[in-house]
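Enquirer: Contents of input_10.cif (mmCIF, C-alpha atoms) are given next:
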data_data
#
loop_
_atom_site.label_atom_id
_atom_site.label_comp_id
_atom_site.auth_asym_id
_atom_site.auth_seq_id
_atom_site.Cartn_x
_atom_site.Cartn_y
_atom_site.Cartn_z
CA MET A 1 23.10 103.61 83.53
CA PHE A 2 22.46 106.97 81.92
CA GLY A 3 18.83 106.10 81.51
CA ILE A 4 19.24 105.75 77.79
CA LEU A 5 18.71 102.07 77.39
CA ASP A 6 15.17 101.88 78.63
CA ARG A 7 13.26 102.96 75.59
CA SER A 8 10.88 100.06 75.51
CA HIS A 9 7.92 102.28 76.38
CA GLU A 10 8.46 104.41 73.33
CA THR A 11 6.34 103.83 70.29
CA GLY A 12 7.43 104.84 66.84
CA ALA A 13 5.44 107.67 65.34
CA SER A 14 6.08 106.49 61.83
CA GLU A 15 7.60 103.60 60.02
CA TYR A 16 10.97 104.98 61.09
CA GLN A 17 11.41 104.09 64.70
CA VAL A 18 12.17 107.16 66.75
CA PRO A 19 15.05 106.18 68.97
CA TYR A 20 14.28 108.28 72.00
CA GLY A 21 11.42 110.20 73.46
CA ALA A 22 13.16 113.53 73.33
CA LEU A 23 13.20 113.43 69.58
CA LYS A 24 9.48 113.07 69.14
CA PRO A 25 7.91 115.75 67.02
CA ILE A 26 7.66 118.86 69.09
CA ARG A 27 5.55 121.36 67.29
CA PRO A 28 1.89 120.81 68.14
CA HIS A 29 0.76 120.67 64.53
CA CYS A 30 3.27 117.94 63.80
CA GLN A 31 1.79 115.51 66.22
CA LYS A 32 -0.06 113.08 64.07
CA ALA A 33 -2.71 115.63 63.09
CA ASN A 34 -1.88 114.73 59.54
CA THR A 35 0.12 111.88 58.14
CA PRO A 36 3.60 113.24 57.62
CA THR A 37 5.68 111.98 54.77
CA VAL A 38 8.53 109.74 55.75
CA LYS A 39 11.05 112.35 54.73
CA LYS A 40 9.40 115.07 56.76
CA THR A 41 9.15 112.86 59.80
CA VAL A 42 12.79 111.90 59.65
CA LEU A 43 13.96 115.47 59.30
CA GLN A 44 11.70 116.75 62.05
CA ASN A 45 13.01 114.11 64.37
CA THR A 46 16.53 115.28 63.69
CA TRP A 47 16.07 118.98 64.54
CA VAL A 48 17.09 120.08 61.05
CA GLU A 49 13.89 122.08 60.67
CA HIS A 50 14.54 123.83 63.97
CA LEU A 51 17.88 125.10 62.72
CA LYS A 52 16.31 126.26 59.49
CA ARG A 53 13.71 128.22 61.42
CA ILE A 54 16.38 129.83 63.56
CA GLN A 55 18.35 130.77 60.50
CA ALA A 56 15.46 131.95 58.35
CA ASP A 57 13.13 133.52 60.93
CA GLN A 58 15.24 134.04 64.05
CA ASP A 59 12.62 131.76 65.60
CA GLN A 60 13.10 131.95 69.39
CA ARG A 61 10.60 129.19 70.01
CA ALA A 62 12.55 126.75 67.86
CA PHE A 63 15.64 127.85 69.73
CA ALA A 64 13.99 127.28 73.09
CA GLU A 65 13.10 123.72 72.09
CA LEU A 66 16.63 123.01 70.87
CA PHE A 67 17.98 124.58 74.04
CA ALA A 68 15.80 122.42 76.29
CA HIS A 69 17.06 119.31 74.57
CA PHE A 70 20.72 120.05 73.97
CA ALA A 71 21.89 122.50 76.65
CA PRO A 72 21.75 119.90 79.49
CA ARG A 73 23.66 117.46 77.28
CA VAL A 74 26.34 120.01 76.43
CA LYS A 75 26.64 120.99 80.08
CA ALA A 76 27.10 117.36 81.15
CA PHE A 77 29.72 116.86 78.42
CA LEU A 78 31.67 119.91 79.60
CA MET A 79 31.50 118.82 83.25
CA LYS A 80 32.73 115.38 82.27
CA SER A 81 35.63 117.11 80.50
CA GLY A 82 36.61 118.77 83.76
CA ALA A 83 34.64 122.02 83.89
CA SER A 84 33.13 123.14 87.19
CA PRO A 85 29.32 123.39 87.17
CA SER A 86 29.42 127.19 86.92
CA MET A 87 31.99 127.16 84.14
CA ALA A 88 30.05 124.46 82.30
CA GLU A 89 26.89 126.54 82.63
CA GLU A 90 28.58 129.63 81.18
CA CYS A 91 30.27 127.69 78.37
CA THR A 92 27.04 125.92 77.48
CA GLN A 93 25.27 129.26 77.09
CA GLU A 94 28.10 130.36 74.79
CA VAL A 95 27.84 127.14 72.80
CA MET A 96 24.10 127.64 72.32
CA ALA A 97 24.63 131.28 71.35
CA THR A 98 27.20 130.15 68.77
CA LEU A 99 24.61 127.73 67.40
CA TRP A 100 22.25 130.66 66.84
CA HIS A 101 24.86 132.83 65.16
CA LYS A 102 26.27 130.06 62.98
CA ALA A 103 22.98 128.40 62.05
CA HIS A 104 23.55 129.46 58.42
CA LEU A 105 26.74 127.36 58.32
CA PHE A 106 25.01 124.13 59.34
CA ASP A 107 25.03 121.64 56.46
CA PRO A 108 22.53 118.80 57.02
CA SER A 109 24.13 116.74 54.25
CA ARG A 110 27.33 116.53 56.25
CA ALA A 111 26.29 116.33 59.91
CA SER A 112 23.35 115.73 62.18
CA VAL A 113 22.37 118.60 64.47
CA ALA A 114 23.67 116.63 67.47
CA THR A 115 27.01 116.11 65.71
CA TRP A 116 27.24 119.76 64.78
CA ILE A 117 26.52 120.86 68.34
CA PHE A 118 29.04 118.33 69.58
CA THR A 119 31.74 119.95 67.43
CA ILE A 120 30.88 123.40 68.79
CA ALA A 121 30.96 122.06 72.35
CA ARG A 122 34.24 120.25 71.73
CA ASN A 123 35.82 123.41 70.35
CA LYS A 124 34.58 125.32 73.38
CA LYS A 125 36.16 122.68 75.61
CA ILE A 126 39.52 123.11 73.88
CA ASP A 127 39.26 126.88 73.93
CA ALA A 128 37.95 127.43 77.45
CA LEU A 129 39.26 124.43 79.37
CA ARG A 130 42.53 123.67 77.65
CA LYS A 131 43.26 127.26 76.62
CA GLN A 132 44.29 126.20 73.14
CA ARG A 133 43.40 127.32 69.69
CA ARG A 134 41.50 124.82 67.60
CA PRO A 135 42.72 124.65 63.99
CA GLU A 136 39.82 123.67 61.73
CA PRO A 137 40.07 122.35 58.16
CA GLU A 138 39.57 124.79 55.33
CA ASN A 139 35.90 125.44 54.78
CA LEU A 140 34.27 123.88 51.76
CA GLU A 141 31.07 125.79 51.28
CA TRP A 142 28.32 125.04 48.85
CA GLY A 143 28.05 127.69 46.20
CA PRO A 144 24.75 129.54 45.81
CA GLU A 145 23.74 127.25 42.96
CA ALA A 146 24.86 124.02 44.52
CA GLU A 147 22.68 123.44 47.56
CA PRO A 148 23.05 119.98 49.04
CA GLU A 149 20.53 117.60 47.57
CA ALA A 150 17.53 116.58 49.64
CA ALA A 151 18.37 112.91 49.15
CA ASP A 152 21.88 113.43 50.53
CA ILE A 153 20.48 115.22 53.54
CA LEU A 154 17.96 112.48 54.16
CA VAL A 155 20.49 109.67 53.95
CA LEU A 156 23.05 111.39 56.16
CA GLN A 157 20.43 112.21 58.77
CA GLN A 158 19.08 108.66 58.70
CA GLU A 159 22.54 107.17 59.01
CA SER A 160 23.32 109.43 61.93
CA GLN A 161 20.16 108.23 63.62
CA GLN A 162 21.12 104.65 62.92
CA LEU A 163 24.51 105.29 64.48
CA THR A 164 22.86 106.72 67.57
CA GLU A 165 20.45 103.80 67.74
CA ALA A 166 23.30 101.34 67.33
CA MET A 167 25.19 103.05 70.11
CA THR A 168 22.11 103.04 72.31
CA ALA A 169 21.61 99.35 71.69
CA LEU A 170 25.13 98.41 72.79
CA PRO A 171 25.56 96.69 76.13
CA SER A 172 26.50 99.42 78.58
CA GLN A 173 29.95 97.95 79.27
CA GLN A 174 30.86 97.95 75.62
CA ARG A 175 29.51 101.43 75.21
CA GLU A 176 31.65 102.65 78.08
CA LEU A 177 34.70 101.08 76.49
CA ILE A 178 34.06 102.91 73.25
CA GLU A 179 33.50 106.15 75.04
CA LYS A 180 36.76 105.75 76.92
CA ALA A 181 38.64 104.89 73.75
CA TYR A 182 37.06 107.82 71.96
CA PHE A 183 37.87 110.39 74.59
CA GLY A 184 41.38 109.04 74.96
CA ASP A 185 41.09 107.39 78.37
CA LEU A 186 41.95 104.01 76.93
CA SER A 187 44.34 102.96 74.24
CA HIS A 188 42.41 103.01 71.04
CA SER A 189 41.19 99.92 69.27
CA GLU A 190 39.29 99.95 66.03
CA ILE A 191 35.94 101.26 67.13
CA ALA A 192 34.03 100.18 64.10
CA ALA A 193 35.60 96.74 63.92
CA GLU A 194 35.07 96.06 67.61
CA THR A 195 31.44 96.97 67.71
CA GLY A 196 30.02 96.74 64.24
CA LEU A 197 28.90 100.37 64.31
CA PRO A 198 27.91 101.51 60.82
CA LEU A 199 30.86 103.87 60.45
CA GLY A 200 31.94 102.53 57.10
CA THR A 201 28.77 103.56 55.33
CA ILE A 202 28.90 107.00 56.88
CA LYS A 203 32.50 107.43 55.79
CA SER A 204 31.82 106.45 52.21
CA ARG A 205 28.69 108.58 52.11
CA LEU A 206 30.57 111.63 53.36
CA ARG A 207 33.41 110.99 51.00
CA LEU A 208 31.00 110.97 48.09
CA ALA A 209 29.42 114.23 49.26
CA LEU A 210 32.83 115.84 49.57
CA SER A 211 33.96 114.83 46.12
CA LYS A 212 30.71 116.24 44.74
CA LEU A 213 31.43 119.41 46.62
CA ARG A 214 34.93 119.62 45.20
CA GLN A 215 33.47 119.24 41.72
CA THR A 216 31.03 122.11 42.22
CA MET A 217 33.92 124.28 43.34
CA LYS A 218 36.05 123.67 40.26
CA MET B 1 48.51 121.88 46.90
CA ASN B 2 47.08 120.20 43.81
CA ASN B 3 46.93 116.51 43.14
CA MET B 4 44.66 115.83 46.05
CA THR B 5 43.67 112.54 44.52
CA GLN B 6 47.26 111.29 44.66
CA ILE B 7 47.62 111.36 48.41
CA LYS B 8 48.96 107.97 49.44
CA HIS B 9 49.85 108.35 53.09
CA HIS B 10 46.97 109.22 55.38
CA LEU B 11 46.29 109.95 59.00
CA THR B 12 45.72 107.01 61.32
CA ASP B 13 42.27 106.38 62.78
CA GLN B 14 43.74 107.04 66.18
CA LEU B 15 44.74 110.57 65.16
CA LEU B 16 41.40 111.19 63.45
CA ILE B 17 39.52 110.08 66.55
CA GLY B 18 41.74 112.19 68.77
CA TYR B 19 41.05 115.18 66.54
CA ALA B 20 37.28 114.56 66.66
CA ALA B 21 37.24 114.01 70.40
CA GLY B 22 39.46 117.04 71.02
CA THR B 23 42.13 115.14 72.92
CA LEU B 24 45.23 115.85 70.80
CA PRO B 25 47.84 118.50 71.56
CA GLU B 26 47.39 121.69 69.58
CA ALA B 27 50.41 121.04 67.31
CA PHE B 28 48.92 117.69 66.25
CA ASN B 29 45.54 119.30 65.66
CA LEU B 30 47.26 121.74 63.33
CA VAL B 31 48.82 118.96 61.24
CA VAL B 32 45.52 117.06 61.18
CA ALA B 33 43.48 120.12 60.18
CA THR B 34 45.97 120.97 57.43
CA HIS B 35 45.93 117.44 56.06
CA LEU B 36 42.12 117.35 56.20
CA SER B 37 42.09 120.51 54.11
CA MET B 38 43.96 118.57 51.41
CA CYS B 39 42.48 115.07 51.74
CA ASP B 40 38.83 114.22 51.17
CA SER B 41 38.98 110.66 52.41
CA CYS B 42 40.46 111.67 55.77
CA ARG B 43 38.00 114.55 56.01
CA ALA B 44 35.11 112.16 55.52
CA ALA B 45 36.56 109.84 58.15
CA ALA B 46 36.99 112.77 60.56
CA GLN B 47 33.37 113.78 60.05
CA ALA B 48 32.26 110.21 60.70
CA TYR B 49 34.17 110.31 63.98
CA ASP B 50 32.50 113.64 64.76
CA ALA B 51 29.24 111.73 64.33
CA ILE B 52 30.29 109.37 67.11
CA GLY B 53 30.75 112.38 69.35
CA GLY B 54 27.29 113.57 68.32
CA ALA B 55 25.81 110.19 69.20
CA PHE B 56 27.48 110.32 72.62
CA LEU B 57 26.15 113.82 73.16
CA GLU B 58 22.68 112.66 72.19
CA THR B 59 22.61 109.62 74.44
CA ASP B 60 24.83 110.50 77.42
CA ALA B 61 23.97 111.96 80.78
CA GLN B 62 22.37 115.38 81.16
CA ALA B 63 23.03 118.15 83.67
CA SER B 64 20.24 120.61 84.41
CA MET B 65 20.81 124.17 83.41
CA ASP B 66 20.42 126.97 85.95
CA GLU B 67 17.13 128.76 86.20
CA GLY B 68 16.90 131.56 83.65
CA ALA B 69 19.61 130.00 81.46
CA LEU B 70 17.55 130.32 78.29
CA GLU B 71 16.85 134.02 78.91
CA GLU B 72 20.51 134.65 79.67
CA THR B 73 21.49 132.88 76.46
CA LEU B 74 19.02 134.93 74.43
CA ALA B 75 20.51 138.06 75.98
CA LEU B 76 23.97 136.78 75.01
CA ILE B 77 22.71 136.23 71.46
CA GLY B 78 21.40 139.81 71.45
CA LYS B 79 24.97 141.07 71.85
CA GLY B 80 25.82 139.63 68.44
CA PRO B 81 28.47 137.18 67.30
CA SER B 82 32.10 137.64 68.23
CA ALA B 83 33.91 139.17 65.28
CA ALA B 84 35.62 136.64 63.03
CA LYS B 85 39.24 137.40 62.29
CA PRO B 86 39.79 138.23 58.62
CA MET B 87 41.94 135.62 56.92
CA ALA B 88 45.04 136.74 55.06
CA ALA B 89 45.38 135.33 51.56
CA SER B 90 47.61 132.30 51.66
CA ASP B 91 49.24 129.66 49.49
CA VAL B 92 48.83 127.10 52.28
CA PRO B 93 45.59 125.62 53.69
CA SER B 94 43.82 128.12 55.93
CA PRO B 95 44.45 126.40 59.31
CA LEU B 96 48.19 126.61 58.68
CA GLY B 97 47.89 130.10 57.19
CA ALA B 98 46.37 131.28 60.46
CA TYR B 99 49.44 130.09 62.37
CA ILE B 100 51.93 131.57 59.90
CA GLY B 101 49.96 134.78 59.63
CA GLY B 102 49.95 134.58 55.82
CA GLY B 103 51.62 132.30 53.29
CA LEU B 104 54.97 130.56 52.87
CA GLY B 105 56.54 133.89 51.90
CA ASP B 106 55.81 135.21 55.39
CA VAL B 107 57.58 132.40 57.25
CA LYS B 108 60.54 133.53 59.36
CA TRP B 109 63.00 130.75 58.65
CA ARG B 110 66.02 129.98 60.80
CA SER B 111 68.90 127.87 59.61
CA VAL B 112 69.39 124.46 61.19
CA GLY B 113 72.54 123.74 59.16
CA MET B 114 73.24 121.83 55.93
CA GLY B 115 70.86 124.18 54.13
CA VAL B 116 67.88 122.93 56.15
CA ARG B 117 65.74 125.68 57.67
CA GLN B 118 62.90 125.61 60.14
CA ALA B 119 60.33 127.85 61.76
CA VAL B 120 58.69 126.90 65.04
CA LEU B 121 55.00 127.80 65.16
CA SER B 122 53.40 129.02 68.35
CA THR B 123 51.24 126.30 69.95
CA SER B 124 50.61 124.94 73.43
CA LYS B 125 53.66 123.35 75.00
CA SER B 126 52.60 119.70 75.06
CA ALA B 127 53.80 119.30 71.47
CA THR B 128 55.78 121.37 68.98
CA ALA B 129 54.80 122.30 65.44
CA ARG B 130 57.34 123.56 62.97
CA LEU B 131 57.83 124.14 59.29
CA LEU B 132 60.84 122.46 57.71
CA TYR B 133 62.51 123.65 54.54
CA ILE B 134 64.70 120.98 52.98
CA PRO B 135 66.58 122.02 49.82
CA ALA B 136 66.20 119.64 46.90
CA GLY B 137 68.50 116.69 47.42
CA ALA B 138 69.35 117.58 51.02
CA ALA B 139 68.75 115.42 54.08
CA VAL B 140 67.33 116.15 57.50
CA PRO B 141 69.85 114.77 60.02
CA ASP B 142 69.25 111.15 61.00
CA HIS B 143 66.96 111.10 63.99
CA GLY B 144 64.76 108.89 66.09
CA HIS B 145 61.83 109.91 68.26
CA ARG B 146 60.84 109.49 71.81
CA GLY B 147 57.21 110.14 71.02
CA THR B 148 55.16 110.53 67.86
CA GLU B 149 56.23 112.68 64.93
CA LEU B 150 53.84 113.73 62.18
CA THR B 151 55.33 115.11 58.97
CA LEU B 152 53.00 116.55 56.36
CA VAL B 153 54.45 117.47 52.96
CA LEU B 154 53.27 120.86 51.66
CA GLN B 155 55.56 121.15 48.65
CA GLY B 156 58.02 118.87 46.88
CA ALA B 157 58.61 115.35 48.16
CA PHE B 158 60.92 113.43 50.44
CA ARG B 159 61.96 109.81 50.80
CA ASP B 160 63.14 107.86 53.76
CA ALA B 161 63.79 104.18 54.34
CA THR B 162 60.03 103.49 54.47
CA ALA B 163 58.53 105.25 51.46
CA ARG B 164 58.17 108.34 49.29
CA PHE B 165 56.05 111.22 50.61
CA ALA B 166 54.70 113.90 48.28
CA ALA B 167 52.42 116.92 48.70
CA GLY B 168 49.50 116.07 50.97
CA ASP B 169 51.10 112.87 52.30
CA VAL B 170 51.60 112.58 56.01
CA GLU B 171 54.14 110.32 57.69
CA VAL B 172 53.25 109.10 61.16
CA ALA B 173 56.47 108.03 62.86
CA ASN B 174 56.74 106.50 66.29
CA GLU B 175 59.75 105.79 68.43
CA ASP B 176 60.69 102.70 66.46
CA LEU B 177 61.41 104.66 63.32
CA ASN B 178 64.92 105.95 62.93
CA HIS B 179 64.98 107.81 59.67
CA THR B 180 66.79 110.23 57.44
CA PRO B 181 64.29 112.05 55.26
CA VAL B 182 65.90 113.20 52.00
CA ALA B 183 64.24 115.79 49.76
CA GLU B 184 63.90 114.69 46.16
CA ILE B 185 65.97 116.29 43.46
CA GLY B 186 64.07 118.83 41.43
CA GLU B 187 62.13 120.80 44.02
CA ASP B 188 62.81 122.06 47.53
CA CYS B 189 60.64 120.27 50.04
CA ILE B 190 58.54 122.09 52.62
CA CYS B 191 56.91 120.13 55.43
CA LEU B 192 54.79 120.83 58.47
CA ALA B 193 55.94 118.61 61.32
CA ALA B 194 54.72 118.06 64.85
CA THR B 195 56.39 116.17 67.69
CA ASP B 196 55.15 115.43 71.17
CA ALA B 197 58.65 114.75 72.47
CA PRO B 198 62.00 116.20 71.43
CA LEU B 199 63.64 114.56 68.43
CA ARG B 200 66.67 112.46 69.19
CA PHE B 201 69.39 113.07 66.67
CA ASN B 202 71.89 110.28 66.25
CA SER B 203 74.98 112.41 66.00
CA TRP B 204 76.63 114.46 68.66
CA ILE B 205 76.42 117.99 67.37
CA PRO B 206 72.74 118.16 66.47
CA ARG B 207 71.92 116.66 69.86
CA MET B 208 73.82 119.47 71.58
CA ALA B 209 72.03 121.98 69.45
CA GLN B 210 68.58 120.60 70.22
CA PRO B 211 67.69 122.78 73.20
CA PHE B 212 68.55 125.87 71.15
CA LEU B 213 66.71 124.80 68.06
CA ARG B 214 63.60 123.75 69.98
CA ILE B 215 63.21 120.55 68.01
#
What does the file become when written as structure tokens?
Expert:
Amino acid sequence: MFGILDRSHETGASEYQVPYGALKPIRPHCQKANTPTVKKTVLQNTWVEHLKRIQADQDQRAFAELFAHFAPRVKAFLMKSGASPSMAEECTQEVMATLWHKAHLFDPSRASVATWIFTIARNKKIDALRKQRRPEPENLEWGPEAEPEAADILVLQQESQQLTEAMTALPSQQRELIEKAYFGDLSHSEIAAETGLPLGTIKSRLRLALSKLRQTMK
Amino acid sequence: MNNMTQIKHHLTDQLLIGYAAGTLPEAFNLVVATHLSMCDSCRAAAQAYDAIGGAFLETDAQASMDEGALEETLALIGKGPSAAKPMAASDVPSPLGAYIGGGLGDVKWRSVGMGVRQAVLSTSKSATARLLYIPAGAAVPDHGHRGTELTLVLQGAFRDATARFAAGDVEVANEDLNHTPVAEIGEDCICLAATDAPLRFNSWIPRMAQPFLRI
């Protein structure tokens, strides 16, 4: 119903199936000119490189590509949450500006870019629509010598993609139920148990990453 | 705030999902954020639930942006980030520290009677957050709930009919639970509690006092 289920025309660009057209490699020189490594392909498809370019080079082109993909999604989310179109437009611009300014805080071993943007949009919803403060957990930041490991990043990004694919593959009725439960419009039932979404692996993966992080901080 | 590995009582999935989706009252968000600061397993679960939100964002409907939106956003970026508020040093997790405006020494306690003290924190009205100070060995008056009550232990420990709760533990009580939390001997107990409906004390005087105490 949202046009997300009809992906049959897509072809995978690598051995990792790309779940949706919008996530195809964007930069011209990425498009099959050379054979990308699996790792590179996965990370490019997840926008992680875009955020790095914004952070390292203030790359406006990378930002424009992220904006084209995510701003309409954030705007729709805010309108669904009750914002008028003009308010949603303004808030979305603020969300995307926050993404630029906070790009250095993005940790690809703990969240996908879509997840990270979702949290910024959610906080904007609480702040602008519900006029509340949003208490956030204490920050655990990697020290200068303890960058997240490439393998951790890869696995988390892959698992996030698998979650998105799993969600995309759900029958639309079931998906709607989960969405309603998630956003509090229905009494909650165990999302993972009901649908078999791979939440358990993500949880244990994140837990491992956090305990590593705690150790580096000691 | 040590002994993070010994946390035995965790947040429910329902609360973690509500926190990720942004549907909880502010007072509940405060308890959740404070517990997440102390508990790795709940933090990992919360981040997994964030990932569900990310997957919805990725795959849900889209709404076209106005013409010139990108240029306007770049202009907004050019104005620089909004200044982050400096955090005061604190002996409590930072989300709670921000509401106290410092550490436990800065809390403006008010007596509730029987040696128990409380401080209501300023949040949106749909639920109330407060700090409770229960002297070692003392009891919080017997009470039931009309809604949900979250009680997170910051220091010391308390027991009620259901279990023992120590630093980092959170008790999620619903209207079925009628309980008398008693602080353990040895250390005064400090808790962060949130309720989405007024507590219902089971004796006459505390009930009269409720509107004045804002609990």
Enquirer: Starting from the displayed file, determine the output of the PyMOL selection byres ((chain B and resi 97-110) around 10) and express the residue list as an MDAnalysis selection string.
Expert: (chainID A and resid 133 135) or (chainID B and resid 30 34 85:96 111:113 116:123 129 131:133 154 190 213)
Enquirer: How would the residues just picked look written out with C-alpha atoms as a PDB file, in the coordinates of the input?
Expert:
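Written output follows (out_15.pdb):
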ATOM      1  CA  ARG A 133      43.400 127.320  69.690  1.00  0.00           C
ATOM      2  CA  PRO A 135      42.720 124.650  63.990  1.00  0.00           C
TER       3      PRO A 135
ATOM      4  CA  LEU B  30      47.260 121.740  63.330  1.00  0.00           C
ATOM      5  CA  THR B  34      45.970 120.970  57.430  1.00  0.00           C
ATOM      6  CA  LYS B  85      39.240 137.400  62.290  1.00  0.00           C
ATOM      7  CA  PRO B  86      39.790 138.230  58.620  1.00  0.00           C
ATOM      8  CA  MET B  87      41.940 135.620  56.920  1.00  0.00           C
ATOM      9  CA  ALA B  88      45.040 136.740  55.060  1.00  0.00           C
ATOM     10  CA  ALA B  89      45.380 135.330  51.560  1.00  0.00           C
ATOM     11  CA  SER B  90      47.610 132.300  51.660  1.00  0.00           C
ATOM     12  CA  ASP B  91      49.240 129.660  49.490  1.00  0.00           C
ATOM     13  CA  VAL B  92      48.830 127.100  52.280  1.00  0.00           C
ATOM     14  CA  PRO B  93      45.590 125.620  53.690  1.00  0.00           C
ATOM     15  CA  SER B  94      43.820 128.120  55.930  1.00  0.00           C
ATOM     16  CA  PRO B  95      44.450 126.400  59.310  1.00  0.00           C
ATOM     17  CA  LEU B  96      48.190 126.610  58.680  1.00  0.00           C
ATOM     18  CA  SER B 111      68.900 127.870  59.610  1.00  0.00           C
ATOM     19  CA  VAL B 112      69.390 124.460  61.190  1.00  0.00           C
ATOM     20  CA  GLY B 113      72.540 123.740  59.160  1.00  0.00           C
ATOM     21  CA  VAL B 116      67.880 122.930  56.150  1.00  0.00           C
ATOM     22  CA  ARG B 117      65.740 125.680  57.670  1.00  0.00           C
ATOM     23  CA  GLN B 118      62.900 125.610  60.140  1.00  0.00           C
ATOM     24  CA  ALA B 119      60.330 127.850  61.760  1.00  0.00           C
ATOM     25  CA  VAL B 120      58.690 126.900  65.040  1.00  0.00           C
ATOM     26  CA  LEU B 121      55.000 127.800  65.160  1.00  0.00           C
ATOM     27  CA  SER B 122      53.400 129.020  68.350  1.00  0.00           C
ATOM     28  CA  THR B 123      51.240 126.300  69.950  1.00  0.00           C
ATOM     29  CA  ALA B 129      54.800 122.300  65.440  1.00  0.00           C
ATOM     30  CA  LEU B 131      57.830 124.140  59.290  1.00  0.00           C
ATOM     31  CA  LEU B 132      60.840 122.460  57.710  1.00  0.00           C
ATOM     32  CA  TYR B 133      62.510 123.650  54.540  1.00  0.00           C
ATOM     33  CA  LEU B 154      53.270 120.860  51.660  1.00  0.00           C
ATOM     34  CA  ILE B 190      58.540 122.090  52.620  1.00  0.00           C
ATOM     35  CA  LEU B 213      66.710 124.800  68.060  1.00  0.00           C
TER      36      LEU B 213
END
Enquirer: Which residues of chain B are close to chain A, meaning at most 6 Å apart when you count only C-alpha atoms, and how do they look as a list in words?
Expert: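 The answer, sorted by residue number, is Ala21, Leu30, Ala33, Leu36, Ser37, Ser41, Ala44, Ala45, Ala48, Ala51, Gly54, Ala55, Ala61, Gln62, Ala63, Ser64, Met65, Thr73, Ile77, Ser94 and Pro95 of chain B.
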Enquirer: Using all atoms listed in the file, which of B:Leu150, B:Ala167, B:Leu76, B:Ala138 sits nearest Val182 in chain B?
Expert: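 Of B:Leu150, B:Ala167, B:Leu76, B:Ala138, the one nearest Val182 in chain B, counting all atoms listed in the file, is B:Ala138.
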Enquirer: To one decimal in Å, tell me the separation between CA of Ala173 in chain B and CA of Thr151 in chain B.
Expert: 8.2 Å
Enquirer: Looking at only C-alpha atoms, which of A:Gln158, A:Ala151, A:Leu129, A:Gln58 is the one that sits closest to Ser81 in chain A?
Expert: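 Using only C-alpha atoms, the shortest distance to Ser81 in chain A belongs to A:Leu129.
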Enquirer: Since I can't run it myself right now, could you work out what the PyMOL selection byres ((chain B and resi 174) around 7) selects here and report it as an MDAnalysis selection string?
Expert: chainID B and resid 145 147:149 172:173 175:177
Enquirer: So how many Å separate CA of Ala163 in chain B and CA of Ile17 in chain B, to one decimal?
Expert: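 CA of Ile17 in chain B lies 24.7 Å from CA of Ala163 in chain B.
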Enquirer: N, CA and C atoms are what I want for range 99-110 of chain B; can you complete it accordingly and write them as a PDB file, keeping the file's coordinate frame?
Expert:
ATOM      1  N   TYR B  99      48.303 130.180  61.446  1.00  0.00           N
ATOM      2  CA  TYR B  99      49.440 130.090  62.370  1.00  0.00           C
ATOM      3  C   TYR B  99      50.662 130.831  61.834  1.00  0.00           C
ATOM      4  N   ILE B 100      50.801 130.843  60.502  1.00  0.00           N
ATOM      5  CA  ILE B 100      51.930 131.570  59.900  1.00  0.00           C
ATOM      6  C   ILE B 100      51.627 133.059  59.908  1.00  0.00           C
ATOM      7  N   GLY B 101      50.334 133.383  59.793  1.00  0.00           N
ATOM      8  CA  GLY B 101      49.960 134.780  59.630  1.00  0.00           C
ATOM      9  C   GLY B 101      50.130 135.195  58.170  1.00  0.00           C
ATOM     10  N   GLY B 102      49.827 134.290  57.253  1.00  0.00           N
ATOM     11  CA  GLY B 102      49.950 134.580  55.820  1.00  0.00           C
ATOM     12  C   GLY B 102      50.322 133.317  55.075  1.00  0.00           C
ATOM     13  N   GLY B 103      51.219 133.449  54.094  1.00  0.00           N
ATOM     14  CA  GLY B 103      51.620 132.300  53.290  1.00  0.00           C
ATOM     15  C   GLY B 103      53.077 131.934  53.532  1.00  0.00           C
ATOM     16  N   LEU B 104      53.601 131.044  52.679  1.00  0.00           N
ATOM     17  CA  LEU B 104      54.970 130.560  52.870  1.00  0.00           C
ATOM     18  C   LEU B 104      55.987 131.703  52.783  1.00  0.00           C
ATOM     19  N   GLY B 105      55.634 132.751  52.013  1.00  0.00           N
ATOM     20  CA  GLY B 105      56.540 133.890  51.900  1.00  0.00           C
ATOM     21  C   GLY B 105      56.692 134.664  53.194  1.00  0.00           C
ATOM     22  N   ASP B 106      55.757 134.466  54.136  1.00  0.00           N
ATOM     23  CA  ASP B 106      55.810 135.210  55.390  1.00  0.00           C
ATOM     24  C   ASP B 106      56.515 134.445  56.515  1.00  0.00           C
ATOM     25  N   VAL B 107      56.958 133.220  56.204  1.00  0.00           N
ATOM     26  CA  VAL B 107      57.580 132.400  57.250  1.00  0.00           C
ATOM     27  C   VAL B 107      58.955 132.971  57.611  1.00  0.00           C
ATOM     28  N   LYS B 108      59.222 133.051  58.907  1.00  0.00           N
ATOM     29  CA  LYS B 108      60.540 133.530  59.360  1.00  0.00           C
ATOM     30  C   LYS B 108      61.428 132.325  59.628  1.00  0.00           C
ATOM     31  N   TRP B 109      62.163 131.946  58.583  1.00  0.00           N
ATOM     32  CA  TRP B 109      63.000 130.750  58.650  1.00  0.00           C
ATOM     33  C   TRP B 109      64.247 130.997  59.471  1.00  0.00           C
ATOM     34  N   ARG B 110      64.717 129.945  60.140  1.00  0.00           N
ATOM     35  CA  ARG B 110      66.020 129.980  60.800  1.00  0.00           C
ATOM     36  C   ARG B 110      66.803 128.755  60.345  1.00  0.00           C
TER      37      ARG B 110
END
